[in-house]
>>> print(open('target08.tsv').read())   # TSV, C-alpha atoms and all ligand atoms
chain	number	residue	atom	x	y	z
A	13	MET	CA	26.80	-154.50	-89.91
A	14	GLU	CA	30.48	-155.07	-89.35
A	15	LYS	CA	32.61	-154.31	-92.39
A	16	ILE	CA	34.62	-157.07	-94.05
A	17	ASP	CA	38.41	-156.67	-94.12
A	18	ILE	CA	39.51	-157.25	-97.73
A	19	LYS	CA	43.03	-158.10	-96.49
A	20	ASN	CA	41.68	-161.36	-95.05
A	21	PHE	CA	40.80	-162.62	-98.56
A	22	ASN	CA	42.88	-164.50	-101.08
A	23	MET	CA	41.92	-163.98	-104.74
A	24	ARG	CA	39.32	-166.77	-104.81
A	25	GLU	CA	37.65	-165.47	-101.68
A	26	LEU	CA	37.58	-161.90	-102.95
A	27	GLU	CA	35.95	-163.11	-106.18
A	28	ALA	CA	33.35	-165.01	-104.17
A	29	PHE	CA	32.72	-161.96	-101.99
A	30	LEU	CA	32.18	-159.76	-105.03
A	31	SER	CA	29.91	-162.20	-106.80
A	32	GLY	CA	27.96	-162.66	-103.57
A	33	GLN	CA	27.25	-158.95	-103.78
A	34	GLY	CA	26.15	-159.26	-107.39
A	35	LYS	CA	29.40	-157.75	-108.74
A	36	GLU	CA	31.69	-158.86	-111.53
A	37	ARG	CA	34.27	-161.37	-110.31
A	38	PHE	CA	37.08	-159.99	-112.48
A	39	ARG	CA	37.05	-156.78	-110.46
A	40	ALA	CA	38.94	-158.82	-107.84
A	41	THR	CA	42.17	-158.68	-109.87
A	42	GLN	CA	41.87	-154.90	-110.18
A	43	ILE	CA	41.26	-154.51	-106.47
A	44	PHE	CA	44.22	-156.80	-105.63
A	45	LYS	CA	46.53	-154.76	-107.86
A	46	TRP	CA	45.40	-151.52	-106.26
A	47	ILE	CA	46.02	-152.84	-102.78
A	48	TYR	CA	49.15	-154.95	-103.14
A	49	GLN	CA	50.97	-153.35	-106.05
A	50	LEU	CA	49.92	-149.70	-105.89
A	51	GLY	CA	49.50	-149.53	-102.11
A	52	ALA	CA	45.95	-148.11	-102.20
A	53	LEU	CA	44.61	-147.44	-98.72
A	54	SER	CA	40.98	-146.74	-99.73
A	55	PHE	CA	38.47	-147.79	-102.36
A	56	ALA	CA	38.10	-144.14	-103.39
A	57	GLU	CA	41.54	-144.33	-105.04
A	58	MET	CA	40.53	-147.18	-107.35
A	59	THR	CA	39.72	-145.02	-110.34
A	60	ASN	CA	39.16	-147.85	-112.81
A	61	LEU	CA	36.21	-149.11	-110.76
A	62	SER	CA	32.84	-147.45	-111.28
A	63	LYS	CA	31.80	-144.81	-108.77
A	64	ASP	CA	28.91	-147.01	-107.68
A	65	LEU	CA	31.12	-149.99	-106.98
A	66	ARG	CA	33.59	-147.86	-105.04
A	67	ALA	CA	30.81	-146.37	-102.95
A	68	GLU	CA	29.32	-149.76	-102.23
A	69	LEU	CA	32.64	-151.30	-101.26
A	70	GLU	CA	33.20	-148.43	-98.88
A	71	LYS	CA	29.94	-149.30	-97.17
A	72	THR	CA	30.63	-153.02	-96.80
A	73	ALA	CA	34.40	-153.42	-96.62
A	74	VAL	CA	37.65	-151.95	-95.31
A	75	ILE	CA	41.32	-152.19	-96.31
A	76	SER	CA	43.19	-152.64	-93.05
A	77	THR	CA	46.78	-151.54	-92.49
A	78	LEU	CA	49.36	-151.83	-89.75
A	79	LEU	CA	51.56	-148.91	-88.80
A	80	PRO	CA	54.72	-149.64	-86.83
A	81	THR	CA	54.51	-148.22	-83.31
A	82	ALA	CA	58.30	-148.39	-83.00
A	83	VAL	CA	61.21	-148.97	-85.34
A	84	GLU	CA	64.73	-149.65	-84.13
A	85	GLU	CA	67.72	-149.77	-86.38
A	86	GLY	CA	70.92	-151.65	-85.53
A	87	ARG	CA	74.40	-150.52	-86.54
A	88	ASP	CA	74.41	-153.10	-89.33
A	89	GLY	CA	71.14	-151.74	-90.76
A	90	THR	CA	68.89	-154.48	-89.33
A	91	ARG	CA	65.54	-152.93	-88.58
A	92	LYS	CA	63.05	-154.19	-86.04
A	93	TYR	CA	59.42	-153.08	-86.37
A	94	LEU	CA	56.93	-153.31	-83.55
A	95	PHE	CA	53.26	-153.47	-84.53
A	96	THR	CA	50.45	-152.90	-82.08
A	97	LEU	CA	47.29	-154.77	-83.06
A	98	ASP	CA	43.67	-153.67	-82.66
A	99	ASP	CA	43.29	-155.54	-79.37
A	100	GLY	CA	46.46	-154.01	-77.93
A	101	GLU	CA	48.65	-157.10	-78.45
A	102	ALA	CA	51.97	-156.59	-80.22
A	103	VAL	CA	54.13	-158.48	-82.69
A	104	GLU	CA	57.50	-157.87	-84.28
A	105	SER	CA	58.94	-158.10	-87.76
A	106	VAL	CA	62.63	-157.79	-88.62
A	107	LEU	CA	64.13	-156.55	-91.87
A	108	ILE	CA	67.64	-157.71	-92.71
A	109	PRO	CA	69.00	-155.51	-95.48
A	110	ASP	CA	71.31	-156.98	-98.04
A	111	GLU	CA	71.97	-154.97	-101.19
A	112	GLY	CA	68.68	-155.38	-102.98
A	113	ARG	CA	68.02	-158.79	-101.47
A	114	ASN	CA	66.34	-157.72	-98.24
A	115	THR	CA	64.89	-160.48	-96.10
A	116	LEU	CA	61.85	-159.85	-93.96
A	117	CYS	CA	61.06	-162.04	-90.96
A	118	ILE	CA	57.42	-162.02	-89.92
A	119	SER	CA	55.29	-163.34	-87.05
A	120	THR	CA	52.24	-165.60	-87.20
A	121	GLN	CA	51.06	-165.71	-83.58
A	122	VAL	CA	51.03	-163.57	-80.47
A	123	GLY	CA	53.17	-165.71	-78.18
A	124	CYS	CA	53.62	-169.44	-78.83
A	125	ALA	CA	52.32	-172.71	-77.40
A	126	MET	CA	55.32	-174.88	-78.28
A	127	ALA	CA	57.27	-174.11	-75.07
A	128	CYS	CA	60.78	-174.80	-76.42
A	129	GLU	CA	63.09	-174.45	-73.43
A	130	PHE	CA	65.57	-172.06	-75.11
A	131	CYS	CA	63.01	-169.72	-76.70
A	132	LEU	CA	61.83	-166.48	-75.16
A	133	THR	CA	58.54	-166.32	-77.08
A	134	GLY	CA	57.63	-169.71	-75.58
A	135	THR	CA	57.69	-168.23	-72.10
A	136	PHE	CA	54.89	-165.82	-73.15
A	137	ARG	CA	52.55	-168.77	-73.92
A	138	LEU	CA	50.10	-168.53	-76.79
A	139	LYS	CA	47.80	-165.52	-76.73
A	140	ARG	CA	46.21	-165.95	-80.13
A	141	ASN	CA	46.72	-166.59	-83.83
A	142	LEU	CA	47.25	-163.63	-86.13
A	143	THR	CA	44.62	-163.10	-88.80
A	144	THR	CA	45.59	-163.31	-92.48
A	145	ALA	CA	45.36	-159.51	-92.63
A	146	GLU	CA	47.71	-159.13	-89.65
A	147	ILE	CA	50.25	-161.44	-91.29
A	148	ILE	CA	50.10	-159.83	-94.74
A	149	ASN	CA	50.03	-156.30	-93.31
A	150	GLN	CA	53.49	-156.80	-91.79
A	151	VAL	CA	54.79	-157.18	-95.34
A	152	CYS	CA	52.66	-154.34	-96.73
A	153	ALA	CA	53.84	-151.93	-94.01
A	154	ILE	CA	57.51	-152.66	-94.52
A	155	LYS	CA	57.21	-152.57	-98.32
A	156	ARG	CA	56.41	-148.88	-97.91
A	157	ASP	CA	59.87	-148.47	-96.36
A	158	ALA	CA	62.07	-150.86	-98.30
A	159	GLU	CA	62.07	-153.44	-101.03
A	160	VAL	CA	61.21	-156.89	-99.68
A	161	ARG	CA	62.65	-159.74	-101.68
A	162	ASN	CA	62.62	-162.67	-99.27
A	163	VAL	CA	60.03	-163.46	-96.63
A	164	VAL	CA	60.74	-165.90	-93.82
A	165	PHE	CA	58.13	-167.04	-91.30
A	166	MET	CA	60.57	-167.13	-88.39
A	167	GLY	CA	59.16	-164.44	-86.14
A	168	MET	CA	56.99	-165.02	-83.11
A	169	GLY	CA	54.84	-168.13	-83.07
A	170	GLU	CA	54.63	-171.53	-84.74
A	171	PRO	CA	53.39	-170.89	-88.30
A	172	LEU	CA	52.01	-174.41	-88.78
A	173	GLN	CA	49.74	-173.96	-85.76
A	174	ASN	CA	48.02	-171.20	-87.71
A	175	LEU	CA	47.94	-173.10	-90.98
A	176	ASP	CA	44.84	-171.63	-92.67
A	177	ASN	CA	45.92	-168.02	-92.19
A	178	LEU	CA	49.52	-168.91	-93.03
A	179	VAL	CA	48.49	-170.54	-96.32
A	180	ARG	CA	46.13	-167.70	-97.21
A	181	SER	CA	48.85	-165.11	-96.58
A	182	ILE	CA	51.28	-167.11	-98.74
A	183	GLU	CA	48.67	-167.27	-101.53
A	184	ILE	CA	48.41	-163.46	-101.46
A	185	MET	CA	52.24	-163.18	-101.54
A	186	LEU	CA	52.48	-165.51	-104.54
A	187	ASP	CA	49.51	-164.11	-106.46
A	188	GLY	CA	50.42	-162.48	-109.79
A	189	ASN	CA	47.99	-159.69	-108.92
A	190	GLY	CA	49.07	-159.67	-105.28
A	191	LEU	CA	52.57	-159.22	-103.85
A	192	GLN	CA	54.12	-161.20	-106.74
A	193	LEU	CA	56.82	-162.88	-104.65
A	194	SER	CA	58.51	-165.98	-106.01
A	195	ASN	CA	57.86	-169.23	-104.11
A	196	ARG	CA	61.65	-169.65	-104.02
A	197	ARG	CA	61.83	-166.54	-101.83
A	198	ILE	CA	59.36	-167.60	-99.14
A	199	THR	CA	60.41	-169.87	-96.27
A	200	VAL	CA	58.22	-171.31	-93.54
A	201	SER	CA	60.07	-172.33	-90.37
A	202	THR	CA	58.62	-174.98	-88.07
A	203	CYS	CA	59.54	-176.72	-84.85
A	204	GLY	CA	58.28	-179.94	-86.45
A	205	LEU	CA	54.51	-180.38	-86.50
A	206	VAL	CA	54.61	-183.42	-88.77
A	207	PRO	CA	51.01	-183.70	-90.07
A	208	GLN	CA	50.86	-179.96	-90.74
A	209	MET	CA	54.15	-180.12	-92.66
A	210	ALA	CA	52.52	-182.55	-95.09
A	211	GLU	CA	49.39	-180.43	-95.31
A	212	LEU	CA	51.41	-177.27	-96.02
A	213	GLY	CA	53.17	-179.11	-98.85
A	214	ARG	CA	49.84	-180.19	-100.31
A	215	ARG	CA	48.40	-176.69	-100.22
A	216	VAL	CA	51.27	-174.44	-101.38
A	217	THR	CA	54.81	-174.75	-102.75
A	218	VAL	CA	57.34	-172.89	-100.59
A	219	ASN	CA	60.68	-173.48	-98.91
A	220	LEU	CA	60.76	-175.21	-95.55
A	221	ALA	CA	63.08	-174.69	-92.59
A	222	VAL	CA	62.98	-177.13	-89.70
A	223	SER	CA	64.30	-176.23	-86.26
A	224	LEU	CA	66.09	-179.46	-85.37
A	225	ASN	CA	68.25	-178.23	-82.48
A	226	ALA	CA	69.01	-181.71	-81.11
A	227	THR	CA	70.26	-184.99	-82.55
A	228	THR	CA	68.83	-187.45	-80.03
A	229	ASP	CA	65.19	-187.93	-79.00
A	230	GLU	CA	66.31	-187.82	-75.39
A	231	LEU	CA	67.62	-184.27	-75.67
A	232	ARG	CA	65.00	-183.07	-78.14
A	233	ASP	CA	62.18	-184.36	-75.89
A	234	ARG	CA	63.60	-182.18	-73.16
A	235	ILE	CA	64.29	-178.91	-75.00
A	236	MET	CA	61.46	-179.13	-77.56
A	237	PRO	CA	58.33	-180.77	-76.08
A	238	VAL	CA	56.85	-181.15	-79.59
A	239	ASN	CA	59.35	-184.01	-80.05
A	240	ARG	CA	57.42	-186.18	-77.58
A	241	LYS	CA	54.58	-186.20	-80.08
A	242	TYR	CA	56.60	-186.24	-83.31
A	243	PRO	CA	60.01	-187.83	-82.67
A	244	LEU	CA	63.09	-187.40	-84.86
A	245	ARG	CA	62.42	-190.39	-87.10
A	246	GLU	CA	58.97	-189.10	-88.09
A	247	LEU	CA	60.20	-185.53	-88.44
A	248	LEU	CA	63.07	-186.51	-90.75
A	249	LEU	CA	60.72	-188.64	-92.84
A	250	ALA	CA	58.40	-185.64	-93.23
A	251	CYS	CA	61.42	-183.55	-94.33
A	252	ARG	CA	62.35	-186.14	-96.93
A	253	GLU	CA	58.84	-186.17	-98.34
A	254	PHE	CA	58.27	-182.41	-98.38
A	255	PRO	CA	57.62	-181.09	-101.92
A	256	LEU	CA	59.99	-178.12	-102.26
A	257	PRO	CA	60.20	-175.66	-105.16
A	258	SER	CA	62.48	-177.19	-107.80
A	259	ARG	CA	66.20	-177.34	-107.00
A	260	ARG	CA	65.60	-176.11	-103.45
A	261	LYS	CA	66.87	-177.72	-100.25
A	262	ILE	CA	65.37	-177.93	-96.79
A	263	THR	CA	67.00	-175.64	-94.25
A	264	ILE	CA	67.97	-177.44	-91.07
A	265	GLU	CA	68.15	-174.86	-88.31
A	266	TYR	CA	70.32	-175.74	-85.37
A	267	VAL	CA	70.61	-173.47	-82.36
A	268	LEU	CA	74.00	-174.16	-80.75
A	269	ILE	CA	73.64	-174.11	-76.97
A	270	GLY	CA	76.87	-174.10	-74.92
A	271	GLY	CA	77.61	-177.53	-73.43
A	272	VAL	CA	74.17	-178.88	-74.41
A	273	ASN	CA	74.21	-179.72	-78.12
A	274	ASP	CA	77.44	-178.20	-79.47
A	275	SER	CA	79.94	-181.10	-79.33
A	276	LEU	CA	81.54	-182.81	-82.33
A	277	GLU	CA	79.58	-185.89	-81.34
A	278	ASP	CA	76.41	-183.83	-82.01
A	279	ALA	CA	77.84	-182.65	-85.34
A	280	ARG	CA	78.52	-186.27	-86.32
A	281	ARG	CA	74.96	-187.31	-85.44
A	282	LEU	CA	73.52	-184.29	-87.27
A	283	LEU	CA	75.41	-185.33	-90.38
A	284	ARG	CA	74.18	-188.91	-90.11
A	285	LEU	CA	70.55	-187.95	-89.49
A	286	THR	CA	70.37	-185.60	-92.48
A	287	SER	CA	72.62	-187.38	-94.97
A	288	ASP	CA	69.75	-188.56	-97.18
A	289	ILE	CA	67.85	-185.24	-97.15
A	290	PRO	CA	68.89	-182.50	-99.60
A	291	ASN	CA	69.60	-179.78	-97.06
A	292	LYS	CA	71.59	-176.81	-95.95
A	293	VAL	CA	72.38	-176.23	-92.31
A	294	ASN	CA	71.84	-172.93	-90.57
A	295	LEU	CA	73.84	-172.78	-87.31
A	296	ILE	CA	72.52	-170.21	-84.85
A	297	PRO	CA	74.59	-169.51	-81.72
A	298	PHE	CA	72.14	-169.40	-78.82
A	299	ASN	CA	71.06	-165.89	-77.92
A	300	GLU	CA	71.14	-165.60	-74.14
A	301	HIS	CA	68.09	-164.13	-72.41
A	302	GLU	CA	66.56	-163.91	-68.96
A	303	GLY	CA	63.95	-166.54	-69.77
A	304	CYS	CA	66.31	-169.48	-69.29
A	305	GLY	CA	69.69	-170.53	-67.93
A	306	PHE	CA	71.26	-171.81	-71.17
A	307	LYS	CA	74.55	-170.27	-72.27
A	308	ALA	CA	75.85	-169.22	-75.66
A	309	PRO	CA	78.41	-171.61	-77.18
A	310	THR	CA	82.08	-170.64	-77.25
A	311	ARG	CA	83.51	-169.28	-80.48
A	312	ALA	CA	85.75	-172.36	-80.64
A	313	ALA	CA	82.79	-174.75	-80.35
A	314	VAL	CA	80.90	-172.92	-83.10
A	315	ASP	CA	83.92	-172.95	-85.39
A	316	ALA	CA	84.66	-176.62	-84.77
A	317	PHE	CA	81.01	-177.63	-85.37
A	318	HIS	CA	80.91	-175.56	-88.55
A	319	LYS	CA	84.21	-176.97	-89.81
A	320	TYR	CA	83.19	-180.57	-89.12
A	321	LEU	CA	80.19	-180.16	-91.43
A	322	ILE	CA	81.95	-178.09	-94.12
A	323	ASP	CA	84.76	-180.64	-94.31
A	324	ARG	CA	82.10	-183.24	-95.11
A	325	HIS	CA	80.60	-181.15	-97.90
A	326	VAL	CA	77.51	-179.94	-96.06
A	327	THR	CA	76.31	-176.44	-97.01
A	328	VAL	CA	76.54	-174.53	-93.72
A	329	ILE	CA	75.85	-170.95	-92.76
A	330	THR	CA	76.65	-169.71	-89.27
A	331	ARG	CA	74.88	-166.48	-88.67
A	332	ASP	CA	76.85	-163.47	-87.62
A	333	SER	CA	75.06	-161.61	-84.85
A	334	ARG	CA	73.21	-159.17	-87.01
A	335	GLY	CA	71.02	-156.70	-85.23
A	336	GLY	CA	72.64	-157.79	-81.98
A	337	ASP	CA	72.77	-154.23	-80.67
A	338	ILE	CA	69.03	-153.67	-80.99
A	339	SER	CA	67.29	-154.12	-77.67
A	340	ALA	CA	64.68	-156.78	-78.24
A	341	ALA	CA	61.37	-157.45	-76.57
A	342	CYS	CA	61.63	-160.83	-78.22
A	343	GLY	CA	65.31	-161.50	-77.71
A	344	GLN	CA	65.63	-164.43	-80.01
A	345	LEU	CA	64.16	-162.62	-82.98
A	346	LYS	CA	67.24	-160.56	-83.52
A	347	GLY	CA	69.81	-161.94	-85.81
A	348	ARG	CA	68.60	-165.42	-86.42
A	349	LEU	CA	67.43	-164.55	-89.88
A	350	GLU	CA	69.69	-165.89	-92.43
A	351	LYS	CA	70.18	-165.59	-96.09
A	352	ILE	CA	68.36	-168.86	-96.07
A	353	ALA	CA	65.84	-167.79	-98.64
A	354	GLY	CA	68.66	-166.26	-100.66
B	401	LIG	N1	58.24	-171.76	-84.47
B	401	LIG	C1	59.10	-171.70	-85.63
B	401	LIG	C2	59.54	-170.29	-85.99
B	401	LIG	C3	59.95	-169.37	-84.87
B	401	LIG	S1	61.46	-169.75	-84.04
B	401	LIG	C4	60.28	-172.62	-85.46
B	401	LIG	O1	60.41	-173.23	-84.40
B	401	LIG	O2	61.06	-172.77	-86.39
B	401	LIG	C5	62.68	-169.39	-85.27
B	401	LIG	C6	64.07	-169.94	-84.94
B	401	LIG	O3	64.65	-169.26	-83.81
B	401	LIG	C7	64.07	-171.41	-84.60
B	401	LIG	O4	65.03	-172.08	-85.37
B	401	LIG	C8	64.46	-171.43	-83.14
B	401	LIG	O5	65.13	-172.63	-82.86
B	401	LIG	C9	65.34	-170.21	-83.02
B	401	LIG	N2	65.50	-169.69	-81.66
B	401	LIG	C10	64.56	-169.61	-80.70
B	401	LIG	N3	65.08	-169.08	-79.57
B	401	LIG	C11	66.38	-168.81	-79.82
B	401	LIG	C12	67.45	-168.25	-79.05
B	401	LIG	N4	67.28	-167.87	-77.79
B	401	LIG	N5	68.66	-168.12	-79.64
B	401	LIG	C13	68.84	-168.48	-80.92
B	401	LIG	N6	67.87	-169.00	-81.70
B	401	LIG	C14	66.65	-169.18	-81.16
>>> encode(input="target08.tsv", output="structure tokens")
Amino acid sequence: MEKIDIKNFNMRELEAFLSGQGKERFRATQIFKWIYQLGALSFAEMTNLSKDLRAELEKTAVISTLLPTAVEEGRDGTRKYLFTLDDGEAVESVLIPDEGRNTLCISTQVGCAMACEFCLTGTFRLKRNLTTAEIINQVCAIKRDAEVRNVVFMGMGEPLQNLDNLVRSIEIMLDGNGLQLSNRRITVSTCGLVPQMAELGRRVTVNLAVSLNATTDELRDRIMPVNRKYPLRELLLACREFPLPSRRKITIEYVLIGGVNDSLEDARRLLRLTSDIPNKVNLIPFNEHEGCGFKAPTRAAVDAFHKYLIDRHVTVITRDSRGGDISAACGQLKGRLEKIAG
């Protein structure tokens, strides 16, 4: 019989698993604490469980882990971890250090089906969804190395296309017996899958970042095919209705592409589109890569775009190119992580 991976369970599911085996449900909280707070790698370590229970769990279940197959560190301290999965596929996570407020960017899929024109992951197509265990194990692995305060789902893949495993991994992060992260420190980033945005909001309370990247349907249809299904009007309505943690704002991500969407006319439209949504804007200068012919914006265009919004009282962050010296299998991963959960 194949063993069950405990890391695929949220608390409710672990309780159900235990009671299905005729065990006491409350043991689930002890097991969660051992795994997520004390970093136990085996049931044998769980000394407050009876010997019998430990032995039986060892027969029926496993506690999976991920070990990084490569770690690269940039001059600014940004660390990129490469994880090889059981089937040989690989995903990346990136840790952005910031004096006790480290932000970890994690992946939810191998590849991506969304095919945004500017994105390197999109050119890999979708291979498969990550399991809950594979998502949560990125955090567990890096927690052994560094404190993780913020988690952003901005790595490879479209998180809302893997909604069940995304939600389950968030439940484990939020659980008082699990990773104990605050919902104010978790941000899900989406290209704009409108029905799934509403469903995410119904199922968990976390921050939301939306990759807008264009201010007209004409351009967004072209560079983000998802827009043909869920156009700007519907996307912005979904942003307005999203139930954020209290006093939080939606992050509008905007990749500035040279000569494509970086004019002051675009800045003006961006302001108009988002004026009735509590938001902060995250400007990301396009990271050039072999996958497409787009160019980075000029420094002057970035500064002018930024200033236009700041002068109109928008909260704007333009990312510096952190981790820019780390060679990247997934070029766009590096540096786009912001203090957005901060
Ligand atoms: N699928 C999710 C999360 C992954 S992409 C989403 O779309 O939000 C995370 C961010 O990286 C998005 O804002 C995306 O627009 C941005 N991005 C993708 N490719 C990029 C590139 N080459 N340069 C800069 N940012 C990029």
>>> residues_near_ligand(input="target08.tsv", ligand="ligand LIG 401 (chain B)", cutoff="9 Å", atoms="all atoms listed in the file", output="count of residues only")
54
>>> residues_near_point(input="target08.tsv", point="(58.5, -179.2, -77.7)", cutoff="10 Å", atoms="all atoms listed in the file", output="VMD selection string")
chain A and resid 125 to 129 134 203 to 205 232 to 242
>>> residues_around(input="target08.tsv", residues="Ala102 (chain A)", least_positions_apart="6", cutoff="10 Å", atoms="all atoms listed in the file", output="PDB file with C-alpha atoms, keeping the file's coordinate frame")
ATOM      1  CA  PRO A  80      54.720-149.640 -86.830  1.00  0.00           C
ATOM      2  CA  THR A  81      54.510-148.220 -83.310  1.00  0.00           C
ATOM      3  CA  LEU A  94      56.930-153.310 -83.550  1.00  0.00           C
ATOM      4  CA  PHE A  95      53.260-153.470 -84.530  1.00  0.00           C
ATOM      5  CA  THR A  96      50.450-152.900 -82.080  1.00  0.00           C
ATOM      6  CA  GLN A 121      51.060-165.710 -83.580  1.00  0.00           C
ATOM      7  CA  VAL A 122      51.030-163.570 -80.470  1.00  0.00           C
ATOM      8  CA  GLY A 123      53.170-165.710 -78.180  1.00  0.00           C
TER       9      GLY A 123
END
>>> residues_around(input="target08.tsv", residues="region 179-184 of chain A", least_positions_apart="2", cutoff="6 Å", atoms="all atoms listed in the file", output="mmCIF file with C-alpha atoms, in the frame of the given file")
data_model
loop_
_atom_site.group_PDB
_atom_site.id
_atom_site.type_symbol
_atom_site.label_atom_id
_atom_site.label_comp_id
_atom_site.auth_asym_id
_atom_site.auth_seq_id
_atom_site.Cartn_x
_atom_site.Cartn_y
_atom_site.Cartn_z
ATOM 1 C CA ASN A 22 42.880 -164.500 -101.080
ATOM 2 C CA THR A 144 45.590 -163.310 -92.480
ATOM 3 C CA ILE A 148 50.100 -159.830 -94.740
ATOM 4 C CA LEU A 175 47.940 -173.100 -90.980
ATOM 5 C CA ASP A 176 44.840 -171.630 -92.670
ATOM 6 C CA ASN A 177 45.920 -168.020 -92.190
ATOM 7 C CA LEU A 186 52.480 -165.510 -104.540
ATOM 8 C CA ASP A 187 49.510 -164.110 -106.460
ATOM 9 C CA GLY A 190 49.070 -159.670 -105.280
#
>>> atom_distance(input="target08.tsv", atom1="CA of Ala56 (chain A)", atom2="CA of Cys152 (chain A)")
19.0 Å
>>> atom_distance(input="target08.tsv", atom1="CA of Glu253 (chain A)", atom2="CA of Ser287 (chain A)")
14.2 Å
>>> closest_residue(input="target08.tsv", among="A:Lys261, A:Thr72, A:Val272, A:Asn20", to="Ile289 (chain A)", atoms="only C-alpha atoms")
A:Lys261
>>> residues_around(input="target08.tsv", residues="Arg197 (chain A)", least_positions_apart="2", cutoff="12 Å", atoms="only C-alpha atoms", output="PyMOL selection string")
chain A and resi 113-117+160-165+182+185-186+191-195+199-200+217-220+256-257+260+351-354
>>> closest_residue(input="target08.tsv", among="A:Ile43, A:Glu57, A:Gln208, A:Ile18", to="Val74 (chain A)", atoms="all atoms listed in the file")
A:Ile18
>>> atom_distance(input="target08.tsv", atom1="CA of Lys71 (chain A)", atom2="CA of Tyr48 (chain A)")
20.9 Å
>>> residues_around(input="target08.tsv", residues="Lys319 (chain A)", least_positions_apart="5", cutoff="9 Å", atoms="all atoms listed in the file", output="list of chain:residue names")
A:Val314, A:Arg324, A:Val328
>>> closest_residue(input="target08.tsv", among="A:Gln49, A:Asn149, A:Gln33, A:Thr90", to="Asp17 (chain A)", atoms="all atoms listed in the file")
A:Asn149
>>> closest_residue(input="target08.tsv", among="A:Leu178, A:Leu244, A:Val106, A:Val206", to="Asn141 (chain A)", atoms="all atoms listed in the file")
A:Leu178
>>> decode(input="target08.tsv", residues="region 74-89 of chain A", atoms="N, CA and C atoms", output="compact mmCIF listing (two decimals), in the first residue's frame")
# COMPACT_ATOMS: atom_id res chain seq x y z
N VAL A 74 4.13 9.15 5.45
CA VAL A 74 5.48 9.72 5.39
C VAL A 74 5.38 11.23 5.59
N ILE A 75 6.51 11.82 5.96
CA ILE A 75 6.62 13.29 6.06
C ILE A 75 7.61 13.68 4.96
N SER A 76 7.10 14.20 3.85
CA SER A 76 8.01 14.51 2.74
C SER A 76 8.79 15.78 3.01
N THR A 77 9.93 15.91 2.33
CA THR A 77 10.70 17.16 2.41
C THR A 77 11.21 17.46 1.01
N LEU A 78 11.65 18.69 0.82
CA LEU A 78 12.39 19.05 -0.39
C LEU A 78 13.75 19.55 0.05
N LEU A 79 14.78 19.10 -0.65
CA LEU A 79 16.11 19.64 -0.40
C LEU A 79 16.52 20.41 -1.63
N PRO A 80 17.05 21.63 -1.47
CA PRO A 80 17.47 22.37 -2.66
C PRO A 80 18.60 21.65 -3.38
N THR A 81 18.49 21.53 -4.71
CA THR A 81 19.58 20.93 -5.47
C THR A 81 20.62 21.97 -5.84
N ALA A 82 20.25 23.24 -5.76
CA ALA A 82 21.21 24.31 -6.01
C ALA A 82 20.74 25.55 -5.29
N VAL A 83 21.68 26.32 -4.78
CA VAL A 83 21.36 27.61 -4.16
C VAL A 83 22.33 28.62 -4.72
N GLU A 84 21.81 29.72 -5.22
CA GLU A 84 22.70 30.79 -5.71
C GLU A 84 22.42 32.02 -4.90
N GLU A 85 23.50 32.73 -4.55
CA GLU A 85 23.29 33.95 -3.79
C GLU A 85 23.80 35.15 -4.57
N GLY A 86 22.96 36.17 -4.70
CA GLY A 86 23.37 37.40 -5.40
C GLY A 86 24.16 38.30 -4.47
N ARG A 87 24.79 39.33 -5.05
CA ARG A 87 25.59 40.25 -4.24
C ARG A 87 24.75 40.95 -3.18
N ASP A 88 23.47 41.15 -3.47
CA ASP A 88 22.62 41.85 -2.50
C ASP A 88 21.99 40.90 -1.48
N GLY A 89 22.40 39.61 -1.51
CA GLY A 89 21.90 38.66 -0.52
C GLY A 89 20.68 37.88 -0.99
